[in-house]
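Colleague: This one is start-v8.csv, CSV, C-alpha atoms.
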chain,number,residue,atom,x,y,z
A,1,MET,CA,0.0,0.0,0.0
A,2,ASN,CA,1.3,3.5,-0.8
A,3,ALA,CA,1.9,6.2,1.7
A,4,ASP,CA,-1.2,8.2,0.8
A,5,PHE,CA,-3.5,5.2,1.3
A,6,LEU,CA,-1.9,4.4,4.7
A,7,ARG,CA,-2.3,8.0,5.7
A,8,TYR,CA,-6.0,8.0,4.7
A,9,ARG,CA,-6.6,4.7,6.6
A,10,GLY,CA,-4.9,6.1,9.7
A,11,LEU,CA,-7.2,9.2,9.7
A,12,LEU,CA,-10.3,6.9,9.3
A,13,ALA,CA,-9.2,4.7,12.2
A,14,ALA,CA,-8.6,7.7,14.4
A,15,ALA,CA,-12.2,8.9,13.6
A,16,VAL,CA,-13.7,5.6,14.4
A,17,GLY,CA,-11.6,5.2,17.6
A,18,ALA,CA,-12.8,8.6,18.8
A,19,GLY,CA,-16.4,7.5,18.4
A,20,VAL,CA,-16.9,10.1,15.6
A,21,VAL,CA,-17.4,12.8,18.2
A,22,LEU,CA,-19.9,15.4,17.1
A,23,GLY,CA,-19.4,19.1,17.6
A,24,ALA,CA,-16.8,21.5,16.2
A,25,ALA,CA,-14.0,19.0,16.4
A,26,GLY,CA,-16.0,16.3,14.8
A,27,ILE,CA,-17.2,18.5,12.0
A,28,PHE,CA,-13.6,19.6,11.4
A,29,LEU,CA,-12.4,16.0,11.3
A,30,TYR,CA,-15.2,15.1,8.9
A,31,HIS,CA,-14.2,17.8,6.5
A,32,GLN,CA,-10.6,16.8,6.7
A,33,LEU,CA,-11.5,13.2,5.9
A,34,TYR,CA,-13.7,14.3,3.0
A,35,ALA,CA,-11.1,16.5,1.5
A,36,GLU,CA,-8.5,13.8,1.9
A,37,LYS,CA,-10.8,11.3,0.2
A,38,ARG,CA,-11.4,13.7,-2.7
A,39,ARG,CA,-7.7,14.3,-3.1
A,40,MET,CA,-7.0,10.6,-3.3
A,41,LEU,CA,-9.8,10.0,-5.8
A,42,LEU,CA,-8.4,12.8,-7.9
A,43,GLN,CA,-4.9,11.3,-7.7
A,44,ARG,CA,-6.4,7.9,-8.8
A,45,ASP,CA,-8.1,9.5,-11.7
A,46,LEU,CA,-5.0,11.3,-12.7
A,47,ALA,CA,-3.1,8.1,-12.6
A,48,ARG,CA,-5.7,6.4,-14.8
A,49,LEU,CA,-5.4,9.4,-17.2
A,50,ASP,CA,-1.7,9.0,-17.3
A,51,MET,CA,-2.1,5.4,-18.2
A,52,THR,CA,-4.7,6.3,-20.9
A,53,VAL,CA,-2.4,8.8,-22.5
A,54,ALA,CA,0.5,6.3,-22.4
A,55,GLU,CA,-1.7,3.7,-24.1
A,56,MET,CA,-2.8,6.2,-26.7
A,57,ARG,CA,0.8,7.1,-27.4
A,58,SER,CA,1.6,3.5,-27.9
A,59,GLU,CA,-1.4,3.0,-30.2
A,60,LEU,CA,-0.4,6.1,-32.2
A,61,ASP,CA,3.1,4.9,-32.6
A,62,ALA,CA,1.8,1.6,-33.9
A,63,LEU,CA,-0.5,3.4,-36.3
A,64,ARG,CA,2.3,5.6,-37.6
A,65,ARG,CA,4.4,2.4,-38.3
A,66,VAL,CA,1.5,0.8,-40.1
A,67,ASN,CA,0.7,3.9,-42.1
A,68,ARG,CA,4.2,5.1,-42.7
A,69,GLY,CA,3.4,5.9,-46.3
A,70,ARG,CA,0.6,8.3,-45.4
A,71,ARG,CA,1.2,12.1,-44.9
A,72,PRO,CA,-1.2,13.5,-42.3
A,73,VAL,CA,-1.4,17.3,-42.7
A,74,LEU,CA,-3.3,18.3,-39.5
A,75,ARG,CA,-2.3,17.9,-35.9
A,76,LYS,CA,-4.2,15.0,-34.5
A,77,VAL,CA,-7.0,15.5,-32.1
A,78,ASN,CA,-7.9,13.2,-29.2
A,79,SER,CA,-10.7,11.1,-30.7
A,80,LYS,CA,-12.3,10.6,-27.3
A,81,ASN,CA,-12.7,14.3,-26.7
A,82,VAL,CA,-13.5,15.8,-30.2
A,83,SER,CA,-16.0,18.5,-29.5
A,84,THR,CA,-18.2,20.9,-31.4
A,85,THR,CA,-17.4,24.2,-29.8
A,86,GLU,CA,-14.4,26.3,-30.7
A,87,SER,CA,-13.1,26.5,-27.2
A,88,GLU,CA,-13.3,22.7,-26.7
A,89,ILE,CA,-11.7,22.1,-30.0
A,90,ASP,CA,-8.8,24.4,-29.2
A,91,THR,CA,-8.4,22.7,-25.8
A,92,ASP,CA,-8.3,19.2,-27.4
A,93,ILE,CA,-5.7,20.3,-29.9
A,94,ASP,CA,-3.5,21.9,-27.3
A,95,MET,CA,-3.8,18.8,-25.1
A,96,TYR,CA,-2.9,16.5,-27.9
A,97,SER,CA,0.0,18.6,-29.1
A,98,ALA,CA,1.8,17.4,-26.0
A,99,VAL,CA,1.8,13.9,-27.4
A,100,GLY,CA,3.4,15.2,-30.6
A,101,THR,CA,3.8,13.9,-34.1
A,102,ASP,CA,6.8,13.3,-36.2
A,103,ASP,CA,5.1,14.7,-39.4
A,104,ASP,CA,6.3,18.1,-40.5
A,105,ASP,CA,3.5,18.9,-43.0
A,106,GLU,CA,1.0,21.6,-42.2
A,107,PHE,CA,-2.5,21.9,-43.4
A,108,PHE,CA,-2.3,23.3,-47.0
A,109,ASP,CA,1.1,24.8,-46.4
A,110,PHE,CA,2.8,25.4,-49.7
A,111,SER,CA,5.7,27.4,-48.3
A,112,ASP,CA,8.4,25.6,-50.2
A,113,GLU,CA,6.8,25.7,-53.7
A,114,ASP,CA,9.0,28.4,-55.1
A,115,ASP,CA,10.4,27.0,-58.3
A,116,ILE,CA,7.1,25.6,-59.3
A,117,MET,CA,6.0,29.1,-60.1
A,118,VAL,CA,9.3,30.3,-61.5
A,119,SER,CA,11.2,27.9,-63.8
A,120,SER,CA,8.5,25.5,-65.0
A,121,VAL,CA,5.6,27.9,-65.8
A,122,HIS,CA,4.4,30.8,-67.8
A,123,LEU,CA,5.9,34.0,-66.4
A,124,GLY,CA,3.6,36.4,-68.2
A,125,ASP,CA,4.3,38.9,-70.9
A,126,ALA,CA,4.9,42.3,-69.3
A,127,SER,CA,4.3,44.1,-72.6
A,128,GLU,CA,0.8,42.8,-72.7
A,129,THR,CA,-0.2,44.3,-69.4
A,130,GLU,CA,1.9,47.5,-69.2
A,131,THR,CA,2.4,50.4,-71.7
A,132,ASP,CA,5.1,52.3,-69.8
A,133,PRO,CA,8.4,51.4,-71.6
A,134,LYS,CA,10.4,51.9,-68.5
A,135,LEU,CA,8.1,49.6,-66.5
A,136,VAL,CA,8.1,47.0,-69.3
A,137,GLU,CA,11.9,47.0,-69.2
A,138,LEU,CA,11.9,46.6,-65.4
A,139,LEU,CA,9.5,43.7,-65.4
A,140,ASP,CA,11.4,41.9,-68.2
A,141,GLU,CA,14.6,42.2,-66.2
A,142,VAL,CA,12.9,40.9,-63.1
A,143,ASP,CA,11.4,38.0,-64.9
A,144,GLN,CA,14.8,37.0,-66.4
A,145,LEU,CA,16.4,37.2,-63.0
A,146,LEU,CA,13.7,34.9,-61.6
A,147,LYS,CA,14.8,32.2,-63.9
A,148,GLY,CA,18.3,32.2,-62.4
A,149,THR,CA,20.0,31.3,-59.1
A,150,VAL,CA,18.9,32.2,-55.5
A,151,ASP,CA,21.2,35.3,-55.8
A,152,ASP,CA,19.4,36.3,-59.0
A,153,LYS,CA,16.0,36.0,-57.3
A,154,GLU,CA,17.3,38.2,-54.4
A,155,ALA,CA,18.5,40.7,-57.0
A,156,ALA,CA,15.0,40.7,-58.6
A,157,TYR,CA,13.4,41.3,-55.2
A,158,ASN,CA,15.8,44.3,-54.5
A,159,LEU,CA,15.2,45.7,-57.9
A,160,LEU,CA,11.5,45.7,-57.4
A,161,LEU,CA,11.9,47.3,-53.9
A,162,GLU,CA,13.9,50.2,-55.6
A,163,HIS,CA,10.9,51.0,-57.7
A,164,GLU,CA,8.1,50.1,-55.3
A,165,ASP,CA,7.1,53.7,-54.5
A,166,GLU,CA,7.2,54.7,-58.2
A,167,TYR,CA,5.0,51.8,-59.3
A,168,SER,CA,2.9,51.1,-56.2
A,169,GLY,CA,-0.3,51.4,-58.2
A,170,HIS,CA,0.6,48.7,-60.7
A,171,VAL,CA,-0.7,45.2,-60.0
A,172,SER,CA,2.1,43.7,-62.1
A,173,VAL,CA,4.7,45.1,-59.7
A,174,LEU,CA,2.8,44.1,-56.6
A,175,TRP,CA,2.3,40.5,-57.4
A,176,ARG,CA,5.9,40.2,-58.4
A,177,LEU,CA,6.8,41.7,-55.0
A,178,ALA,CA,4.6,39.0,-53.4
A,179,LYS,CA,6.4,36.4,-55.5
A,180,THR,CA,9.9,37.5,-54.7
A,181,SER,CA,9.1,38.0,-51.0
A,182,HIS,CA,7.9,34.4,-51.1
A,183,LEU,CA,11.1,33.3,-52.7
A,184,MET,CA,13.1,35.2,-50.1
A,185,ALA,CA,11.1,33.5,-47.3
A,186,THR,CA,11.9,30.1,-48.8
A,187,ALA,CA,15.6,30.9,-49.0
A,188,HIS,CA,15.7,32.0,-45.4
A,189,GLY,CA,13.7,29.0,-44.3
A,190,ALA,CA,16.3,26.7,-46.1
A,191,GLU,CA,19.0,28.4,-44.0
A,192,GLY,CA,17.0,27.8,-40.8
A,193,ASN,CA,16.2,31.4,-40.1
A,194,SER,CA,12.5,31.1,-39.1
A,195,GLU,CA,12.2,34.7,-38.0
A,196,LYS,CA,13.3,36.1,-41.4
A,197,LYS,CA,11.2,33.5,-43.1
A,198,LYS,CA,8.1,34.6,-41.2
A,199,GLU,CA,8.9,38.3,-42.0
A,200,PHE,CA,9.0,37.6,-45.7
A,201,VAL,CA,6.0,35.3,-45.7
A,202,LEU,CA,3.8,38.0,-44.1
A,203,GLN,CA,5.3,40.7,-46.4
A,204,GLY,CA,4.5,38.6,-49.5
A,205,PHE,CA,0.9,38.2,-48.2
A,206,HIS,CA,0.7,41.9,-47.8
A,207,TYR,CA,1.8,42.6,-51.4
A,208,ALA,CA,-0.5,40.0,-52.8
A,209,GLN,CA,-3.4,41.4,-50.9
A,210,LYS,CA,-2.7,44.9,-52.3
A,211,ALA,CA,-2.4,43.4,-55.8
A,212,LEU,CA,-5.9,41.9,-55.5
A,213,GLN,CA,-7.3,45.1,-54.2
A,214,LEU,CA,-6.1,46.8,-57.3
A,215,ASP,CA,-7.2,44.2,-59.9
A,216,GLU,CA,-9.3,41.1,-59.1
A,217,THR,CA,-9.2,40.1,-62.7
A,218,ASP,CA,-5.4,39.4,-62.7
A,219,ALA,CA,-4.6,35.7,-62.6
A,220,GLU,CA,-1.2,36.1,-61.1
A,221,ALA,CA,-2.5,38.2,-58.3
A,222,HIS,CA,-4.9,35.4,-57.4
A,223,LYS,CA,-2.2,32.8,-57.7
A,224,TRP,CA,0.3,34.6,-55.5
A,225,PHE,CA,-2.4,35.5,-53.0
A,226,ALA,CA,-3.2,31.7,-52.8
A,227,VAL,CA,0.5,30.8,-52.4
A,228,THR,CA,1.2,33.4,-49.7
A,229,VAL,CA,-2.0,32.3,-47.8
A,230,GLY,CA,-0.7,28.7,-47.9
A,231,SER,CA,2.7,29.8,-46.8
A,232,ARG,CA,1.6,31.6,-43.7
A,233,GLY,CA,0.0,28.5,-42.3
A,234,GLU,CA,3.3,27.6,-40.6
A,235,PHE,CA,2.8,30.6,-38.3
A,236,LEU,CA,-0.9,30.2,-37.5
A,237,GLY,CA,-3.1,28.1,-35.3
A,238,THR,CA,-4.9,25.0,-36.6
A,239,ARG,CA,-8.2,26.7,-37.0
A,240,GLU,CA,-6.7,29.5,-39.1
A,241,LYS,CA,-4.8,26.9,-41.2
A,242,ILE,CA,-8.0,25.2,-42.1
A,243,GLU,CA,-9.7,28.5,-42.9
A,244,ASP,CA,-6.8,29.4,-45.1
A,245,GLY,CA,-7.1,26.1,-46.9
A,246,TYR,CA,-10.5,27.2,-48.1
A,247,VAL,CA,-9.2,30.6,-49.1
A,248,PHE,CA,-6.3,29.0,-50.9
A,249,LYS,CA,-8.6,26.9,-53.1
A,250,GLN,CA,-11.0,29.7,-53.8
A,251,HIS,CA,-8.2,31.8,-55.3
A,252,VAL,CA,-6.6,29.0,-57.2
A,253,ASP,CA,-10.0,28.3,-58.8
A,254,LYS,CA,-10.3,32.0,-59.6
A,255,ALA,CA,-6.8,32.1,-61.2
A,256,LEU,CA,-7.6,28.9,-63.2
A,257,ALA,CA,-10.8,30.5,-64.5
A,258,LEU,CA,-8.7,33.4,-65.8
A,259,ARG,CA,-5.8,31.3,-67.0
A,260,PRO,CA,-6.7,27.6,-67.6
A,261,ASP,CA,-3.5,26.8,-69.3
A,262,ASP,CA,-1.2,27.5,-66.4
A,263,PRO,CA,0.4,24.2,-65.3
A,264,SER,CA,1.4,25.6,-61.8
A,265,LEU,CA,-2.2,26.3,-61.0
A,266,HIS,CA,-3.3,22.8,-61.9
A,267,HIS,CA,-0.4,21.5,-59.8
A,268,LEU,CA,-1.5,23.6,-56.8
A,269,LEU,CA,-5.1,22.4,-57.2
A,270,GLY,CA,-3.8,18.8,-57.3
A,271,ARG,CA,-1.7,19.4,-54.2
A,272,PHE,CA,-4.8,20.7,-52.4
A,273,LYS,CA,-6.8,17.7,-53.4
A,274,TYR,CA,-4.0,15.3,-52.5
A,275,GLU,CA,-3.7,16.9,-49.0
A,276,VAL,CA,-7.5,16.6,-48.5
A,277,ALA,CA,-7.5,13.0,-49.7
A,278,THR,CA,-4.9,12.1,-47.0
A,279,LEU,CA,-6.9,13.6,-44.1
A,280,SER,CA,-7.8,11.1,-41.5
A,281,TRP,CA,-11.3,10.6,-40.1
A,282,ILE,CA,-10.4,12.6,-37.0
A,283,GLU,CA,-9.0,15.4,-39.2
A,284,ARG,CA,-12.2,15.5,-41.3
A,285,LYS,CA,-14.2,15.5,-38.1
A,286,LEU,CA,-12.3,18.6,-36.9
A,287,ALA,CA,-12.9,20.4,-40.2
A,288,GLY,CA,-16.5,19.4,-40.1
A,289,THR,CA,-16.9,21.1,-36.7
A,290,LEU,CA,-15.6,24.4,-38.1
A,291,PHE,CA,-17.4,24.5,-41.4
A,292,ALA,CA,-20.7,23.4,-42.8
A,293,GLU,CA,-19.1,21.6,-45.7
A,294,PRO,CA,-15.7,20.1,-44.8
A,295,PRO,CA,-13.2,19.7,-47.7
A,296,ASN,CA,-13.6,16.6,-49.8
A,297,ALA,CA,-11.4,15.2,-52.6
A,298,THR,CA,-10.1,11.9,-53.8
A,299,TYR,CA,-6.7,10.6,-55.2
A,300,PRO,CA,-8.2,10.2,-58.7
A,301,GLU,CA,-9.2,13.8,-58.7
A,302,ALA,CA,-5.7,14.9,-57.6
A,303,ILE,CA,-4.2,12.7,-60.3
A,304,GLU,CA,-6.4,14.4,-62.9
A,305,ASP,CA,-5.0,17.8,-61.9
A,306,PHE,CA,-1.4,16.6,-61.7
A,307,MET,CA,-1.8,15.0,-65.2
A,308,LYS,CA,-3.1,18.3,-66.5
A,309,ALA,CA,0.0,20.1,-65.1
A,310,GLU,CA,2.2,17.4,-66.6
A,311,SER,CA,0.7,17.9,-70.0
A,312,LEU,CA,0.9,21.7,-69.9
A,313,SER,CA,4.4,22.0,-68.3
A,314,PRO,CA,7.0,23.1,-70.8
A,315,ALA,CA,9.7,21.0,-69.0
A,316,PRO,CA,9.7,17.7,-67.0
A,317,TRP,CA,8.6,18.4,-63.4
A,318,LYS,CA,10.1,16.2,-60.7
A,319,GLU,CA,7.8,17.3,-57.9
A,320,ASN,CA,4.7,16.8,-60.0
A,321,ARG,CA,5.7,13.3,-61.0
A,322,LEU,CA,6.5,12.4,-57.4
A,323,LEU,CA,3.1,13.4,-56.3
A,324,LEU,CA,1.5,11.4,-59.1
A,325,ALA,CA,3.4,8.4,-57.8
A,326,LYS,CA,2.3,9.0,-54.2
A,327,CYS,CA,-1.4,9.3,-55.3
A,328,HIS,CA,-1.0,5.8,-56.9
A,329,ILE,CA,0.7,4.4,-53.8
A,330,ASN,CA,-2.1,5.6,-51.6
A,331,GLN,CA,-4.5,3.8,-54.0
A,332,GLY,CA,-2.4,0.6,-53.9
A,333,ASN,CA,-1.5,1.0,-57.6
A,334,TYR,CA,2.2,0.2,-56.9
A,335,SER,CA,3.2,-0.7,-60.5
A,336,GLU,CA,1.9,2.6,-61.8
A,337,ALA,CA,3.5,4.4,-58.9
A,338,VAL,CA,6.9,2.9,-59.8
A,339,SER,CA,6.6,4.1,-63.4
A,340,TRP,CA,6.0,7.6,-62.2
A,341,LEU,CA,8.9,7.4,-59.7
A,342,ASP,CA,11.2,6.3,-62.6
A,343,CYS,CA,10.0,9.3,-64.6
A,344,ALA,CA,10.6,11.6,-61.7
A,345,ALA,CA,14.1,10.2,-61.2
A,346,GLU,CA,15.0,11.0,-64.8
A,347,VAL,CA,14.4,14.8,-64.2
A,348,PRO,CA,17.8,16.5,-63.4
A,349,VAL,CA,18.2,18.0,-59.9
A,350,VAL,CA,18.5,21.8,-60.3
A,351,THR,CA,16.9,23.4,-57.3
A,352,PRO,CA,16.9,22.7,-53.5
A,353,ASP,CA,13.3,21.5,-53.9
A,354,ASP,CA,14.5,19.0,-56.6
A,355,GLU,CA,17.0,17.7,-54.1
A,356,CYS,CA,14.3,17.1,-51.5
A,357,ALA,CA,12.0,15.5,-54.1
A,358,GLU,CA,14.8,13.3,-55.4
A,359,THR,CA,15.6,12.0,-51.9
A,360,GLU,CA,11.9,11.0,-51.5
A,361,VAL,CA,11.8,9.5,-55.0
A,362,GLN,CA,14.8,7.2,-54.2
A,363,ASN,CA,13.4,6.2,-50.9
A,364,LEU,CA,10.1,5.2,-52.4
A,365,LEU,CA,11.8,3.4,-55.3
A,366,THR,CA,13.8,1.3,-52.8
A,367,LYS,CA,10.5,0.4,-51.0
A,368,TYR,CA,8.4,-0.4,-54.1
A,369,THR,CA,11.0,-1.4,-56.8
A,370,SER,CA,9.7,-5.0,-56.7
A,371,TYR,CA,6.4,-3.7,-58.3
A,372,ARG,CA,8.2,-2.5,-61.5
A,373,LYS,CA,6.5,-3.7,-64.6
Could you render the structure as structure tokens?

Modeller:
Amino acid sequence: MNADFLRYRGLLAAAVGAGVVLGAAGIFLYHQLYAEKRRMLLQRDLARLDMTVAEMRSELDALRRVNRGRRPVLRKVNSKNVSTTESEIDTDIDMYSAVGTDDDDEFFDFSDEDDIMVSSVHLGDASETETDPKLVELLDEVDQLLKGTVDDKEAAYNLLLEHEDEYSGHVSVLWRLAKTSHLMATAHGAEGNSEKKKEFVLQGFHYAQKALQLDETDAEAHKWFAVTVGSRGEFLGTREKIEDGYVFKQHVDKALALRPDDPSLHHLLGRFKYEVATLSWIERKLAGTLFAEPPNATYPEAIEDFMKAESLSPAPWKENRLLLAKCHINQGNYSEAVSWLDCAAEVPVVTPDDECAETEVQNLLTKYTSYRK
């Protein structure tokens, strides 16, 4: 028997031995006994809760091992305590965060998708949207720099900053400032500087917002507003991330309506559908408590968008092919997945994103190579 139980038993024996004397002393002793009993019951319940949490951790670890191929994109929520009010949801999320997860994906976070919108897609023709010769020359120079190295992209950002005041009323300058701010955020993130990354992410969102306020018919303004909304998810709470997921899709859809032949937009829509398709039941339940219509998408729908991006892209696209393979893996189509992994492996590694994708491609090939046709 532990010390607390012995102490409680001793108090009880003393009360019985004294004949449970009434009066002030008896009442005081009664309250002491009652408080002690409540304290012990609370300790017992806490001990049980500790055991429950430990069991849940064990079960989660087992599930992660079983579902190692899946990529959850939301923090998990204690399925026993999923609730329908905002305060209860936040409490459950915070409690479960203590258990932790080894996944580093965030809900609809596209913060690392820089070269997707730079080297593999239509950059736009400045001469079609602007008539000022000086501005056309500036935008052409910026677009050429954006095709280059990280230093070139930084130079493009600085060049735009130099002319920000002069052209603050031009949507073509503002969405490029959003774009280059996003690229700067990605560069600082790769260096591990999260503070600078956050600064540029929020700055990019600010520029994209201003661009949309100037012209809601500009496809690039909608695209970069969507991208910057997705990027800021890393610095927001879970509810805000989910809300931003809806905003992200709305603006990708609007951009696609304006420019249906942009492969980067089809890729981003495919990524959105892929992330939604990977949501667990608990994650869907959480989204359902926040919105009347939770997001819904399937792997075949994501494949359709990735295939559209593949057909429109002017150059082979490693990340797009990798995601096609992962869609097939999640459907159990391993032979088809290996074919796409082989296609992805053929694409040269040019950017840091390509390096990350190539690592994942090789890991998946090692795991599924026996399914090669």

Colleague: Taking all atoms listed in the file into account, which of A:Leu146, A:Leu265, A:Ala297, A:Ala190 comes nearest Asn158 of chain A?

Modeller: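 Among A:Leu146, A:Leu265, A:Ala297, A:Ala190, it is A:Leu146 that comes nearest to Asn158 of chain A.
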
Colleague: Excluding His182 of chain A and residues on its chain fewer than 3 positions from it, collect all residues at most 6 Å away from it, counting all atoms listed in the file, and give them as a list in words.

Modeller: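 So, after excluding close chain neighbours, the residues are Lys179, Ala185, Val201 and Gly204 of chain A.
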
Colleague: How big is the axis-aligned box, and where does its centre sit, when it encloses all atoms of segment 251-270 of chain A listed in the file and has 5 Å added on every side, reported in Å to one decimal as lines of an AutoDock Vina configuration file?

Modeller:
center_x = -4.7
center_y = 26.1
center_z = -62.3
size_x = 22.2
size_y = 24.6
size_z = 24.0

Colleague: Tell me, in Å to one decimal, how far atom CA of Val229 of chain A is from atom CA of Ala302 of chain A.

Modeller: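 Atom-to-atom, atom CA of Val229 of chain A to atom CA of Ala302 of chain A, that is 20.3 Å.
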
Colleague: Measure the distance from atom CA of Thr351 of chain A to atom CA of Thr186 of chain A in Å and round it to one decimal.

Modeller: 11.9 Å

Colleague: Can you tell me how far atom CA of Asp215 of chain A sits from atom CA of Met184 of chain A, in Å to one decimal?

Modeller: 24.3 Å

Colleague: Rank nothing, just name the residue among A:Ile329, A:Leu159, A:Leu135, A:Leu323 nearest to Gly270 of chain A, using all atoms listed in the file.

Modeller: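 When distances to Gly270 of chain A are compared using all atoms listed in the file, the smallest one comes from A:Leu323.
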
Colleague: Contacts of Pro316 of chain A at 9 Å or less, counting all atoms listed in the file, minus same-chain residues fewer than 6 places along, as a VMD selection string?

Modeller: chain A and resid 120 310 343 to 344 346 to 348

Colleague: Using only C-alpha atoms, can you tell me which of A:Trp281, A:Ala257, A:His267, A:Leu202 comes closest to Leu236 of chain A?

Modeller: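 Checking each of A:Trp281, A:Ala257, A:His267, A:Leu202 against Leu236 of chain A, counting only C-alpha atoms, the winner is A:Leu202.
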
Colleague: Counting only C-alpha atoms, which residues have an atom no more than 7 Å from (-4.7, 16.7, -60.8) in the file's coordinates? Please list them as a ChimeraX atom specification.

Modeller: /A:266-267,269-270,301-308

Colleague: Any idea what's packed within 10 Å of Phe235 of chain A, counting only C-alpha atoms, ignoring anything in its chain fewer than 4 positions away? Could you give it as JSON, numbers by chain?

Modeller: {"A": [106, 194, 198, 201, 202, 231, 240, 241]}

Colleague: Using the selection just defined, write its residues with C-alpha atoms as a CSV table (one decimal), in the frame of the given file.

Modeller:
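Result file is again16.csv:
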chain,number,residue,atom,x,y,z
A,106,GLU,CA,1.0,21.6,-42.2
A,194,SER,CA,12.5,31.1,-39.1
A,198,LYS,CA,8.1,34.6,-41.2
A,201,VAL,CA,6.0,35.3,-45.7
A,202,LEU,CA,3.8,38.0,-44.1
A,231,SER,CA,2.7,29.8,-46.8
A,240,GLU,CA,-6.7,29.5,-39.1
A,241,LYS,CA,-4.8,26.9,-41.2

Colleague: Identify which of the residues A:Ala156, A:Ala226, A:Leu161, A:Ile242 lies closest to Gly288 of chain A, counting all atoms listed in the file when measuring atom-to-atom distances.

Modeller: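 Of A:Ala156, A:Ala226, A:Leu161, A:Ile242, the one nearest Gly288 of chain A is A:Ile242, counting all atoms listed in the file.
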
Colleague: Have a look at A:Phe205, A:Tyr246, A:Tyr368, A:Trp224 and name the one nearest to Phe272 of chain A; count only C-alpha atoms.

Modeller: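 The closest residue to Phe272 of chain A is A:Tyr246.
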
Colleague: Pick the closest to Leu214 of chain A from A:Leu174, A:Ala187, A:Leu322, A:Val252: which is it, counting all atoms listed in the file?

Modeller: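 For Leu214 of chain A, the nearest of the candidates is A:Leu174.
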
Colleague: Which residues come within 8 Å of Tyr299 of chain A, counting all atoms listed in the file, excluding same-chain residues fewer than 3 positions away, as an MDAnalysis selection string?

Modeller: chainID A and resid 273:274 277 302:303 327:328 330:331

Colleague: Once you count only C-alpha atoms, which residues end up no further than 8 Å from (-2.6, 41.5, -52.3) in the file's frame, shown as a list in words?

Modeller: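 In the file's frame, the residues around the point are Leu174, Trp175, Ala178, Phe205, His206, Tyr207, Ala208, Gln209, Lys210, Ala211, Leu212, Gln213, Ala221 and Phe225 of chain A.
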
Colleague: Kindly reconstruct segment 264-277 of chain A with N, CA and C atoms and present the result as a PDB file, keeping the file's coordinate frame.

Modeller:
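Wrote rebuild-v2.pdb, looks like this:
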ATOM      1  N   SER A 264       1.171  25.482 -63.288  1.00  0.00           N
ATOM      2  CA  SER A 264       1.400  25.600 -61.800  1.00  0.00           C
ATOM      3  C   SER A 264       0.090  25.671 -61.076  1.00  0.00           C
ATOM      4  N   LEU A 265      -0.943  26.244 -61.676  1.00  0.00           N
ATOM      5  CA  LEU A 265      -2.200  26.300 -61.000  1.00  0.00           C
ATOM      6  C   LEU A 265      -2.883  24.931 -60.919  1.00  0.00           C
ATOM      7  N   HIS A 266      -2.759  24.141 -61.979  1.00  0.00           N
ATOM      8  CA  HIS A 266      -3.300  22.800 -61.900  1.00  0.00           C
ATOM      9  C   HIS A 266      -2.506  21.947 -60.899  1.00  0.00           C
ATOM     10  N   HIS A 267      -1.208  22.196 -60.807  1.00  0.00           N
ATOM     11  CA  HIS A 267      -0.400  21.500 -59.800  1.00  0.00           C
ATOM     12  C   HIS A 267      -0.851  21.853 -58.389  1.00  0.00           C
ATOM     13  N   LEU A 268      -1.049  23.146 -58.150  1.00  0.00           N
ATOM     14  CA  LEU A 268      -1.500  23.600 -56.800  1.00  0.00           C
ATOM     15  C   LEU A 268      -2.842  23.034 -56.462  1.00  0.00           C
ATOM     16  N   LEU A 269      -3.748  22.989 -57.426  1.00  0.00           N
ATOM     17  CA  LEU A 269      -5.100  22.400 -57.200  1.00  0.00           C
ATOM     18  C   LEU A 269      -4.934  20.922 -56.878  1.00  0.00           C
ATOM     19  N   GLY A 270      -4.040  20.258 -57.600  1.00  0.00           N
ATOM     20  CA  GLY A 270      -3.800  18.800 -57.300  1.00  0.00           C
ATOM     21  C   GLY A 270      -3.220  18.616 -55.951  1.00  0.00           C
ATOM     22  N   ARG A 271      -2.304  19.480 -55.535  1.00  0.00           N
ATOM     23  CA  ARG A 271      -1.700  19.400 -54.200  1.00  0.00           C
ATOM     24  C   ARG A 271      -2.817  19.539 -53.131  1.00  0.00           C
ATOM     25  N   PHE A 272      -3.707  20.508 -53.351  1.00  0.00           N
ATOM     26  CA  PHE A 272      -4.800  20.700 -52.400  1.00  0.00           C
ATOM     27  C   PHE A 272      -5.639  19.442 -52.287  1.00  0.00           C
ATOM     28  N   LYS A 273      -6.004  18.866 -53.420  1.00  0.00           N
ATOM     29  CA  LYS A 273      -6.800  17.700 -53.400  1.00  0.00           C
ATOM     30  C   LYS A 273      -6.088  16.477 -52.797  1.00  0.00           C
ATOM     31  N   TYR A 274      -4.783  16.400 -53.062  1.00  0.00           N
ATOM     32  CA  TYR A 274      -4.000  15.300 -52.500  1.00  0.00           C
ATOM     33  C   TYR A 274      -3.963  15.444 -50.945  1.00  0.00           C
ATOM     34  N   GLU A 275      -3.740  16.661 -50.450  1.00  0.00           N
ATOM     35  CA  GLU A 275      -3.700  16.900 -49.000  1.00  0.00           C
ATOM     36  C   GLU A 275      -5.060  16.537 -48.375  1.00  0.00           C
ATOM     37  N   VAL A 276      -6.147  16.940 -49.050  1.00  0.00           N
ATOM     38  CA  VAL A 276      -7.500  16.600 -48.500  1.00  0.00           C
ATOM     39  C   VAL A 276      -7.722  15.139 -48.520  1.00  0.00           C
ATOM     40  N   ALA A 277      -7.295  14.461 -49.580  1.00  0.00           N
ATOM     41  CA  ALA A 277      -7.500  13.000 -49.700  1.00  0.00           C
ATOM     42  C   ALA A 277      -6.776  12.255 -48.572  1.00  0.00           C
TER      43      ALA A 277
END
